[in-house]
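Text of run.txt (compact mmCIF, C-alpha atoms) as supplied:
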# COMPACT_ATOMS: atom_id res chain seq x y z
CA MET T 45 -16.87 25.10 18.62
CA GLY T 46 -14.51 23.36 20.98
CA PHE T 47 -11.49 23.66 23.22
CA PHE T 48 -8.18 21.82 23.53
CA ILE T 49 -7.09 19.42 26.23
CA PHE T 50 -3.45 18.43 26.75
CA LYS T 51 -2.94 14.93 28.10
CA THR T 52 0.48 13.70 29.22
CA MET T 53 1.40 10.06 28.66
CA GLU T 54 4.50 8.37 30.04
CA ILE T 55 6.20 5.90 27.69
CA SER T 56 9.11 3.55 28.28
CA PHE T 57 11.71 3.60 25.54
CA TYR T 58 14.75 1.49 24.77
CA LYS T 59 17.86 2.53 22.87
CA TYR T 60 19.49 -0.08 20.59
CA GLN T 61 22.42 0.03 18.20
CA GLY T 62 23.54 -2.19 15.33
CA THR T 63 27.14 -1.43 14.27
CA GLY T 64 26.67 2.16 15.36
CA ASN T 65 23.30 2.70 13.66
CA ASP T 66 21.20 3.70 16.69
CA PHE T 67 17.45 3.56 17.21
CA ILE T 68 14.72 4.36 19.71
CA LEU T 69 12.58 1.23 20.26
CA LEU T 70 9.02 1.44 21.58
CA ASP T 71 6.62 -1.31 22.58
CA ASP T 72 3.51 -0.17 20.72
CA ARG T 73 1.40 -3.32 20.91
CA SER T 74 -1.43 -1.18 22.28
CA GLU T 75 -0.95 1.20 19.30
CA GLN T 76 -1.24 4.23 21.57
CA PHE T 77 1.93 6.01 20.46
CA PRO T 78 0.90 9.33 18.80
CA ALA T 79 3.25 8.98 15.83
CA SER T 80 3.86 12.11 13.80
CA LYS T 81 6.71 13.50 11.75
CA GLU T 82 7.25 16.31 14.23
CA LEU T 83 7.34 14.01 17.28
CA VAL T 84 9.77 11.59 15.62
CA GLN T 85 12.06 14.48 14.71
CA LYS T 86 11.93 15.78 18.29
CA LEU T 87 12.72 12.42 19.88
CA CYS T 88 15.55 11.64 17.45
CA ASP T 89 17.17 15.06 17.91
CA ARG T 90 20.61 14.54 19.52
CA ARG T 91 20.52 17.80 21.47
CA PHE T 92 16.90 18.30 22.47
CA GLY T 93 15.63 14.71 22.39
CA ILE T 94 16.84 11.18 23.06
CA GLY T 95 18.97 11.13 19.91
CA ALA T 96 18.92 8.43 17.24
CA ASP T 97 19.17 7.66 13.53
CA GLY T 98 15.61 6.38 13.63
CA LEU T 99 12.60 5.34 15.70
CA ILE T 100 10.98 1.89 15.66
CA LEU T 101 7.54 0.79 16.83
CA ILE T 102 6.95 -2.91 17.50
CA GLN T 103 3.27 -3.80 17.13
CA ASN T 104 1.12 -6.93 17.03
CA HIS T 105 0.33 -8.43 13.64
CA PRO T 106 -2.74 -10.56 12.75
CA GLN T 107 -0.78 -13.18 10.75
CA HIS T 108 2.91 -12.78 11.56
CA ASP T 109 5.01 -12.52 14.72
CA TYR T 110 4.97 -8.73 14.77
CA ARG T 111 4.84 -5.54 12.71
CA MET T 112 7.81 -3.17 12.68
CA VAL T 113 7.06 0.47 11.86
CA TYR T 114 10.27 2.32 11.06
CA PHE T 115 10.84 6.10 10.91
CA ASN T 116 14.04 7.85 9.84
CA SER T 117 15.11 10.69 12.11
CA ASP T 118 13.39 13.21 9.79
CA GLY T 119 10.06 11.39 10.19
CA SER T 120 10.08 9.70 6.77
CA GLN T 121 9.71 5.93 6.40
CA SER T 122 11.83 3.34 4.62
CA LEU T 123 13.22 -0.16 4.96
CA CYS T 124 16.06 -0.33 7.47
CA GLY T 125 18.36 -3.36 7.63
CA ASN T 126 20.14 -2.57 10.90
CA GLY T 127 16.84 -1.38 12.34
CA SER T 128 15.22 -4.68 11.40
CA ARG T 129 17.89 -6.57 13.30
CA CYS T 130 17.48 -4.29 16.32
CA GLY T 131 13.70 -4.65 16.07
CA PHE T 132 14.05 -8.43 16.29
CA ALA T 133 16.35 -8.12 19.33
CA PHE T 134 13.72 -5.93 20.99
CA ALA T 135 10.90 -8.35 20.10
CA ARG T 136 12.95 -11.09 21.78
CA PHE T 137 13.35 -8.84 24.83
CA LEU T 138 9.55 -8.46 24.91
CA LYS T 139 9.28 -12.28 24.66
CA MET T 140 7.21 -12.03 21.50
CA VAL T 141 9.62 -14.36 19.65
CA ASP T 142 12.52 -16.67 20.36
CA GLN T 143 15.19 -17.76 17.84
CA LYS T 144 13.44 -16.68 14.64
CA ALA T 145 10.55 -14.60 13.40
CA ILE T 146 8.50 -13.49 10.44
CA PHE T 147 7.51 -9.83 10.52
CA GLU T 148 6.07 -7.13 8.30
CA THR T 149 7.71 -3.77 7.72
CA THR T 150 7.72 -0.97 5.14
CA ASP T 151 8.41 -3.02 2.01
CA GLY T 152 6.67 -6.29 2.96
CA VAL T 153 7.28 -9.48 4.94
CA HIS T 154 10.74 -10.66 6.02
CA GLN T 155 12.42 -13.44 7.96
CA VAL T 156 14.96 -12.89 10.73
CA LYS T 157 16.81 -15.32 12.97
CA LEU T 158 19.44 -15.60 15.69
CA GLU T 159 22.44 -17.85 15.00
CA GLY T 160 25.55 -17.94 17.14
CA GLY T 161 24.81 -14.61 18.78
CA ILE T 162 24.47 -12.89 15.38
CA ILE T 163 21.14 -11.69 13.97
CA ARG T 164 20.49 -12.51 10.31
CA PHE T 165 17.88 -10.51 8.42
CA GLN T 166 16.63 -11.69 5.03
CA LEU T 167 15.95 -9.07 2.39
CA SER T 168 13.83 -9.48 -0.72
CA ASP T 169 15.44 -10.57 -4.01
CA VAL T 170 17.55 -7.81 -5.55
CA GLU T 171 18.15 -7.02 -9.21
CA MET T 172 21.71 -6.85 -10.55
CA PRO T 173 23.48 -3.47 -10.23
CA SER T 174 22.72 -0.78 -12.79
CA LYS T 175 25.92 0.79 -14.09
CA ILE T 176 25.96 4.60 -14.08
CA SER T 177 29.65 5.08 -14.92
CA ASP T 178 32.91 3.16 -14.57
CA ARG T 179 32.88 3.71 -10.81
CA GLU T 180 29.23 4.37 -9.98
CA TYR T 181 26.31 1.96 -9.68
CA PHE T 182 22.74 1.84 -8.41
CA LEU T 183 20.94 -0.93 -6.50
CA ASN T 184 17.62 -1.05 -4.68
CA THR T 185 17.75 -3.35 -1.66
CA GLY T 186 14.39 -2.20 -0.33
CA SER T 187 15.85 1.29 -0.09
CA PRO T 188 17.64 3.04 -2.99
CA HIS T 189 21.45 3.11 -2.99
CA HIS T 190 23.89 4.96 -5.21
CA ILE T 191 27.38 3.42 -4.84
CA VAL T 192 30.65 5.13 -5.64
CA ILE T 193 33.74 2.89 -5.81
CA CYS T 194 36.77 4.75 -4.46
CA ASP T 195 40.45 4.09 -3.70
CA GLU T 196 40.66 5.65 -0.23
CA VAL T 197 37.29 5.76 1.51
CA GLU T 198 38.78 7.60 4.51
CA THR T 199 39.52 10.70 2.42
CA ILE T 200 36.00 11.16 1.02
CA ASP T 201 34.02 14.23 2.09
CA VAL T 202 30.89 12.17 2.69
CA LEU T 203 28.70 15.08 3.76
CA SER T 204 29.44 17.24 0.73
CA GLU T 205 29.72 14.58 -1.97
CA GLY T 206 26.93 12.46 -0.54
CA SER T 207 24.52 15.37 -0.27
CA ALA T 208 25.19 16.41 -3.87
CA ILE T 209 24.35 12.94 -5.21
CA ARG T 210 21.41 12.42 -2.82
CA ASN T 211 19.80 15.65 -4.04
CA SER T 212 20.76 15.37 -7.71
CA SER T 213 18.08 15.69 -10.40
CA ALA T 214 18.57 12.02 -11.35
CA TYR T 215 16.83 10.97 -8.11
CA THR T 216 14.19 13.68 -7.78
CA GLY T 217 11.33 11.36 -8.75
CA GLN T 218 12.05 8.90 -5.95
CA ASN T 219 12.70 11.34 -3.12
CA GLY T 220 16.47 11.09 -3.43
CA THR T 221 18.77 8.21 -2.66
CA ASN T 222 21.20 6.91 -0.08
CA VAL T 223 24.85 7.24 -1.13
CA ASN T 224 27.57 4.71 -0.30
CA PHE T 225 31.30 5.11 -0.84
CA ALA T 226 32.97 1.71 -1.13
CA GLN T 227 36.61 0.62 -1.20
CA LEU T 228 36.94 -2.94 -2.50
CA LEU T 229 39.80 -4.86 -0.86
CA PRO T 230 40.81 -8.51 -1.41
CA ASP T 231 39.18 -9.77 1.80
CA ARG T 232 36.54 -7.13 2.61
CA VAL T 233 34.84 -3.91 1.59
CA LYS T 234 35.26 -0.68 3.54
CA MET T 235 32.31 1.68 3.25
CA ARG T 236 30.90 4.97 4.43
CA THR T 237 27.33 6.16 3.95
CA TYR T 238 25.39 9.37 3.47
CA GLU T 239 21.93 8.30 4.61
CA ARG T 240 18.71 9.73 3.22
CA GLY T 241 16.28 10.60 6.00
CA VAL T 242 19.12 11.29 8.42
CA GLU T 243 20.66 13.76 5.95
CA GLY T 244 24.18 13.10 7.08
CA GLU T 245 26.78 10.38 7.55
CA THR T 246 25.83 7.44 9.73
CA LEU T 247 28.20 4.94 11.33
CA SER T 248 26.51 2.12 9.45
CA CYS T 249 23.65 1.41 7.05
CA GLY T 250 22.27 -2.11 6.74
CA THR T 251 20.55 -1.85 3.36
CA GLY T 252 23.58 0.09 2.14
CA ALA T 253 25.98 -2.59 3.35
CA THR T 254 23.82 -5.13 1.55
CA ALA T 255 23.93 -3.11 -1.67
CA VAL T 256 27.71 -2.76 -1.43
CA GLY T 257 28.08 -6.47 -0.67
CA LEU T 258 26.01 -7.43 -3.71
CA LEU T 259 28.01 -5.07 -5.92
CA ALA T 260 31.18 -6.71 -4.61
CA GLY T 261 29.61 -10.04 -5.59
CA ALA T 262 29.08 -8.71 -9.10
CA GLN T 263 32.76 -7.74 -9.11
CA GLY T 264 33.79 -11.31 -8.29
CA MET T 265 33.73 -11.62 -4.49
CA GLU T 266 32.25 -14.80 -3.04
CA SER T 267 29.43 -14.90 -0.49
CA PRO T 268 29.59 -13.93 2.31
CA VAL T 269 31.15 -10.52 1.72
CA ASN T 270 32.68 -8.88 4.80
CA ILE T 271 31.64 -5.24 5.15
CA GLU T 272 33.63 -2.87 7.37
CA THR T 273 31.66 0.20 8.46
CA LEU T 274 32.69 2.98 10.84
CA GLY T 275 30.53 1.36 13.52
CA GLY T 276 31.51 -2.29 13.09
CA ASN T 277 31.48 -5.29 10.79
CA LEU T 278 28.63 -6.92 8.86
CA LYS T 279 28.35 -9.89 6.52
CA VAL T 280 26.25 -10.07 3.37
CA TYR T 281 25.16 -13.48 2.08
CA PHE T 282 23.62 -14.10 -1.33
CA GLN T 283 23.09 -16.49 -4.21
CA LYS T 284 23.79 -14.98 -7.61
CA LYS T 285 21.38 -15.91 -10.41
CA THR T 286 21.33 -14.70 -14.02
CA GLU T 287 19.50 -11.42 -13.39
CA ILE T 288 18.88 -11.29 -9.63
CA TYR T 289 20.36 -12.07 -6.24
CA THR T 290 18.35 -14.46 -4.08
CA GLN T 291 18.77 -15.64 -0.49
CA VAL T 292 20.05 -12.21 0.47
CA TRP T 293 20.88 -12.01 4.18
CA LEU T 294 22.43 -9.26 6.29
CA ALA T 295 24.20 -10.53 9.44
CA GLY T 296 25.54 -8.57 12.37
CA PRO T 297 25.10 -7.67 16.05
CA ALA T 298 22.30 -5.72 17.72
CA GLU T 299 22.58 -4.53 21.31
CA MET T 300 20.51 -2.68 23.88
CA VAL T 301 22.32 0.46 25.04
CA PHE T 302 20.00 1.86 27.69
CA LYS T 303 16.35 2.35 28.61
CA GLY T 304 14.34 5.21 30.05
CA THR T 305 10.97 6.94 30.17
CA LEU T 306 9.63 9.97 28.37
CA ASN T 307 6.58 12.16 28.82
CA ILE T 308 4.61 13.10 25.73
CA ALA T 309 1.92 15.75 25.76
CA THR T 310 -0.89 14.86 23.37
CA LEU T 311 -3.38 17.40 22.11
CA ARG T 312 -7.05 16.54 21.93
CA THR T 313 -10.07 18.59 20.90
CA LYS T 314 -13.25 18.50 22.94
CA GLN T 315 -16.31 19.59 21.03
CA THR T 316 -18.78 21.87 22.74
CA ASN T 317 -22.05 22.97 21.21
CA PHE T 318 -23.43 26.39 22.07
CA LYS T 319 -27.09 27.12 21.43
CA GLY T 320 -26.77 30.83 21.92
CA TYR T 321 -25.25 33.62 23.93

Could you render the structure as structure tokens?
Amino acid sequence: MGFFIFKTMEISFYKYQGTGNDFILLDDRSEQFPASKELVQKLCDRRFGIGADGLILIQNHPQHDYRMVYFNSDGSQSLCGNGSRCGFAFARFLKMVDQKAIFETTDGVHQVKLEGGIIRFQLSDVEMPSKISDREYFLNTGSPHHIVICDEVETIDVLSEGSAIRNSSAYTGQNGTNVNFAQLLPDRVKMRTYERGVEGETLSCGTGATAVGLLAGAQGMESPVNIETLGGNLKVYFQKKTEIYTQVWLAGPAEMVFKGTLNIATLRTKQTNFKGY
């Protein structure tokens, strides 16, 4: 038998944003943060918590500069391009790194660097787009992305149309997909995103911007491709090979918004043995 003890721990948090994609950043080098799906959901809630598209833990790593553990606002995990850039900015704030870094996250090891005030995050090699229809394509840039080419991205009902594609039977086996609506212009691509894990439209999506930029490259645009999101502008760099894109980089800003403290009640069980009554 046993009884429960509640222990309150005070944690400093930092809020960052990268082109409107916002994240809670925590220094978890001691690995004391009691991560759980329920706690992440509570902290990311915009009415009852801090509010964010995701939560990021920065931890020590035995071989690399740091480990980045990323959670979507629903508590699931995935690769996050804008989050990776914000994670690097936070690691610099913690003085763990300077102008560049190698770190591990959900899908493996990545490079990131600061050049001219812009943070550049390198993604893994990406296969050429898979054509679904004349105006729909699929790419996996570390996270899955369904792309719909449209004429007027401003008129799209992102919540309704994005949700329908995200939850379609075609993507059931991989826990759904992110959905990007892209308008290809001569000098840039305008995009909006329905983001899996947030289950709604976000102001920006880094892996989505990368997917859209690579699709634009397949359509004839030269690297770098300028991506215009609701939250700001990004650039996607790449080298196009026969069957894959290499040297894929996502470049854009990452800024601290504010910092604060939060109290978390943790539940522990204390075992007690009774020999009799």

> Using all atoms listed in the file, which of T:Phe225, T:Tyr215, T:Phe92, T:Phe77 sits nearest Ser248 in chain T?
Replying inline: T:Phe225

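Atom pair CA of Gly125 in chain T / CA of Glu266 in chain T has a distance of 20.9 Å (rounded to one decimal).
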
> At what distance in Å, to one decimal, does CA of Thr185 in chain T lie from CA of Glu171 in chain T?
Replying inline: 8.4 Å

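Take the candidates T:Asp109, T:Glu159, T:Glu243, T:Asp66 and check each one against Ser207 in chain T using only C-alpha atoms; the shortest distance goes to T:Glu243.
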
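Neighbouring residues of Phe134 in chain T at 9 Å or closer, counting all atoms listed in the file and skipping chain neighbours under 2 positions away, are Tyr58, Tyr60, Leu69, Leu70, Asp71, Ile102, Arg129, Cys130, Gly131, Phe132, Arg136, Phe137, Leu138, Lys139, Met140, Glu299 and Met300 of chain T.
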
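Residues within 9 Å of Gly127 in chain T, counting all atoms listed in the file and excluding same-chain residues fewer than 4 positions away, are T:Tyr60, T:Gln61, T:Gly62, T:Asn65, T:Asp66, T:Phe67, T:Gly98, T:Leu99, T:Ile100, T:Tyr114, T:Leu123, T:Gly131, T:Phe132, T:Gly250, T:Ala298.
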
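Using only C-alpha atoms for every distance, the candidate list T:Arg232, T:Ala255, T:Met172, T:Leu247 yields T:Arg232 as the residue closest to Ile271 in chain T.
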
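Considering the residues T:Thr305, T:Thr254, T:Asn126, T:Thr150 and counting only C-alpha atoms, Tyr281 in chain T has its shortest atom-to-atom contact with T:Thr254.
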
>> Need the shell around Gly244 in chain T: protein/DNA/RNA residues with any atom at most 8 Å away, counting all atoms listed in the file. Skip same-chain ones fewer than 4 positions apart. Format as a PyMOL selection string?
In response: chain T and resi 203+207+238-240

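Going from CA of Cys88 in chain T over to CA of Ser122 in chain T, you cover 15.7 Å.
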
> Excluding same-chain residues fewer than 3 positions from Glu245 in chain T, what lies within 12 Å of it counting all atoms listed in the file, as number ranges by chain?
Replying inline: T: 64-65, 97, 200-207, 210, 222-225, 235-242, 248-249, 273-275

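For the point (17.8, -13.7, 12.6) in file coordinates, the residues within 10 Å, using all atoms listed in the file, are T:Ser128, T:Arg129, T:Phe132, T:Ala133, T:Asp142, T:Gln143, T:Lys144, T:Ala145, T:Ile146, T:Gln155, T:Val156, T:Lys157, T:Leu158, T:Glu159, T:Gly160, T:Gly161, T:Ile162, T:Ile163, T:Arg164, T:Phe165, T:Gln166, T:Trp293, T:Leu294, T:Ala295, T:Gly296.
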
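Each of T:Arg73, T:Ala260, T:Met112, T:Lys59 was compared to Gly95 in chain T using all atoms listed in the file, and T:Lys59 turns out to be the nearest.
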
Please export range 257-286 of chain T as an mmCIF file, in the first residue's frame, restricted to N, CA and C atoms.
data_model
loop_
_atom_site.group_PDB
_atom_site.id
_atom_site.type_symbol
_atom_site.label_atom_id
_atom_site.label_comp_id
_atom_site.auth_asym_id
_atom_site.auth_seq_id
_atom_site.Cartn_x
_atom_site.Cartn_y
_atom_site.Cartn_z
ATOM 1 N N GLY T 257 8.846 25.140 -50.556
ATOM 2 C CA GLY T 257 9.992 25.662 -51.293
ATOM 3 C C GLY T 257 10.594 24.633 -52.233
ATOM 4 N N LEU T 258 10.671 23.385 -51.780
ATOM 5 C CA LEU T 258 11.215 22.323 -52.637
ATOM 6 C C LEU T 258 10.270 22.006 -53.788
ATOM 7 N N LEU T 259 8.968 22.059 -53.533
ATOM 8 C CA LEU T 259 8.013 21.856 -54.621
ATOM 9 C C LEU T 259 8.146 22.970 -55.655
ATOM 10 N N ALA T 260 8.326 24.202 -55.166
ATOM 11 C CA ALA T 260 8.541 25.323 -56.084
ATOM 12 C C ALA T 260 9.802 25.099 -56.909
ATOM 13 N N GLY T 261 10.827 24.503 -56.284
ATOM 14 C CA GLY T 261 12.050 24.170 -57.018
ATOM 15 C C GLY T 261 11.784 23.162 -58.115
ATOM 16 N N ALA T 262 10.914 22.198 -57.831
ATOM 17 C CA ALA T 262 10.545 21.201 -58.837
ATOM 18 C C ALA T 262 9.747 21.837 -59.970
ATOM 19 N N GLN T 263 9.092 22.968 -59.665
ATOM 20 C CA GLN T 263 8.298 23.681 -60.666
ATOM 21 C C GLN T 263 9.138 24.701 -61.443
ATOM 22 N N GLY T 264 10.432 24.783 -61.118
ATOM 23 C CA GLY T 264 11.325 25.641 -61.888
ATOM 24 C C GLY T 264 11.939 26.808 -61.155
ATOM 25 N N MET T 265 11.551 27.075 -59.913
ATOM 26 C CA MET T 265 12.145 28.180 -59.167
ATOM 27 C C MET T 265 13.568 27.846 -58.742
ATOM 28 N N GLU T 266 14.422 28.855 -58.720
ATOM 29 C CA GLU T 266 15.813 28.675 -58.317
ATOM 30 C C GLU T 266 15.962 28.852 -56.807
ATOM 31 N N SER T 267 16.950 28.194 -56.246
ATOM 32 C CA SER T 267 17.284 28.351 -54.831
ATOM 33 C C SER T 267 18.025 29.679 -54.634
ATOM 34 N N PRO T 268 17.714 30.444 -53.561
ATOM 35 C CA PRO T 268 16.715 30.142 -52.532
ATOM 36 C C PRO T 268 15.321 30.601 -52.949
ATOM 37 N N VAL T 269 14.313 29.875 -52.460
ATOM 38 C CA VAL T 269 12.919 30.233 -52.709
ATOM 39 C C VAL T 269 12.425 31.062 -51.523
ATOM 40 N N ASN T 270 11.829 32.206 -51.822
ATOM 41 C CA ASN T 270 11.269 33.069 -50.787
ATOM 42 C C ASN T 270 9.859 32.596 -50.444
ATOM 43 N N ILE T 271 9.639 32.355 -49.154
ATOM 44 C CA ILE T 271 8.347 31.869 -48.682
ATOM 45 C C ILE T 271 7.700 32.951 -47.818
ATOM 46 N N GLU T 272 6.481 33.320 -48.152
ATOM 47 C CA GLU T 272 5.736 34.328 -47.401
ATOM 48 C C GLU T 272 4.636 33.639 -46.599
ATOM 49 N N THR T 273 4.784 33.623 -45.282
ATOM 50 C CA THR T 273 3.777 33.052 -44.396
ATOM 51 C C THR T 273 3.006 34.177 -43.724
ATOM 52 N N LEU T 274 1.935 33.836 -43.026
ATOM 53 C CA LEU T 274 1.167 34.853 -42.308
ATOM 54 C C LEU T 274 2.002 35.537 -41.234
ATOM 55 N N GLY T 275 3.008 34.833 -40.717
ATOM 56 C CA GLY T 275 3.811 35.375 -39.625
ATOM 57 C C GLY T 275 5.136 35.988 -40.040
ATOM 58 N N GLY T 276 5.490 35.924 -41.322
ATOM 59 C CA GLY T 276 6.761 36.486 -41.757
ATOM 60 C C GLY T 276 7.351 35.712 -42.926
ATOM 61 N N ASN T 277 8.579 36.057 -43.260
ATOM 62 C CA ASN T 277 9.220 35.509 -44.452
ATOM 63 C C ASN T 277 10.360 34.549 -44.110
ATOM 64 N N LEU T 278 10.452 33.485 -44.890
ATOM 65 C CA LEU T 278 11.499 32.479 -44.760
ATOM 66 C C LEU T 278 12.150 32.263 -46.117
ATOM 67 N N LYS T 279 13.342 31.676 -46.094
ATOM 68 C CA LYS T 279 14.018 31.282 -47.329
ATOM 69 C C LYS T 279 14.357 29.802 -47.262
ATOM 70 N N VAL T 280 14.195 29.126 -48.385
ATOM 71 C CA VAL T 280 14.525 27.707 -48.477
ATOM 72 C C VAL T 280 15.618 27.528 -49.521
ATOM 73 N N TYR T 281 16.752 26.963 -49.078
ATOM 74 C CA TYR T 281 17.891 26.703 -49.951
ATOM 75 C C TYR T 281 17.967 25.204 -50.242
ATOM 76 N N PHE T 282 18.456 24.851 -51.419
ATOM 77 C CA PHE T 282 18.563 23.437 -51.766
ATOM 78 C C PHE T 282 19.448 23.256 -52.994
ATOM 79 N N GLN T 283 19.914 22.029 -53.152
ATOM 80 C CA GLN T 283 20.558 21.593 -54.390
ATOM 81 C C GLN T 283 19.734 20.446 -54.932
ATOM 82 N N LYS T 284 19.343 20.542 -56.187
ATOM 83 C CA LYS T 284 18.456 19.553 -56.781
ATOM 84 C C LYS T 284 19.272 18.504 -57.525
ATOM 85 N N LYS T 285 19.167 17.266 -57.079
ATOM 86 C CA LYS T 285 19.809 16.131 -57.739
ATOM 87 C C LYS T 285 18.772 15.388 -58.581
ATOM 88 N N THR T 286 19.142 14.214 -59.086
ATOM 89 C CA THR T 286 18.227 13.466 -59.952
ATOM 90 C C THR T 286 16.965 13.033 -59.216
#
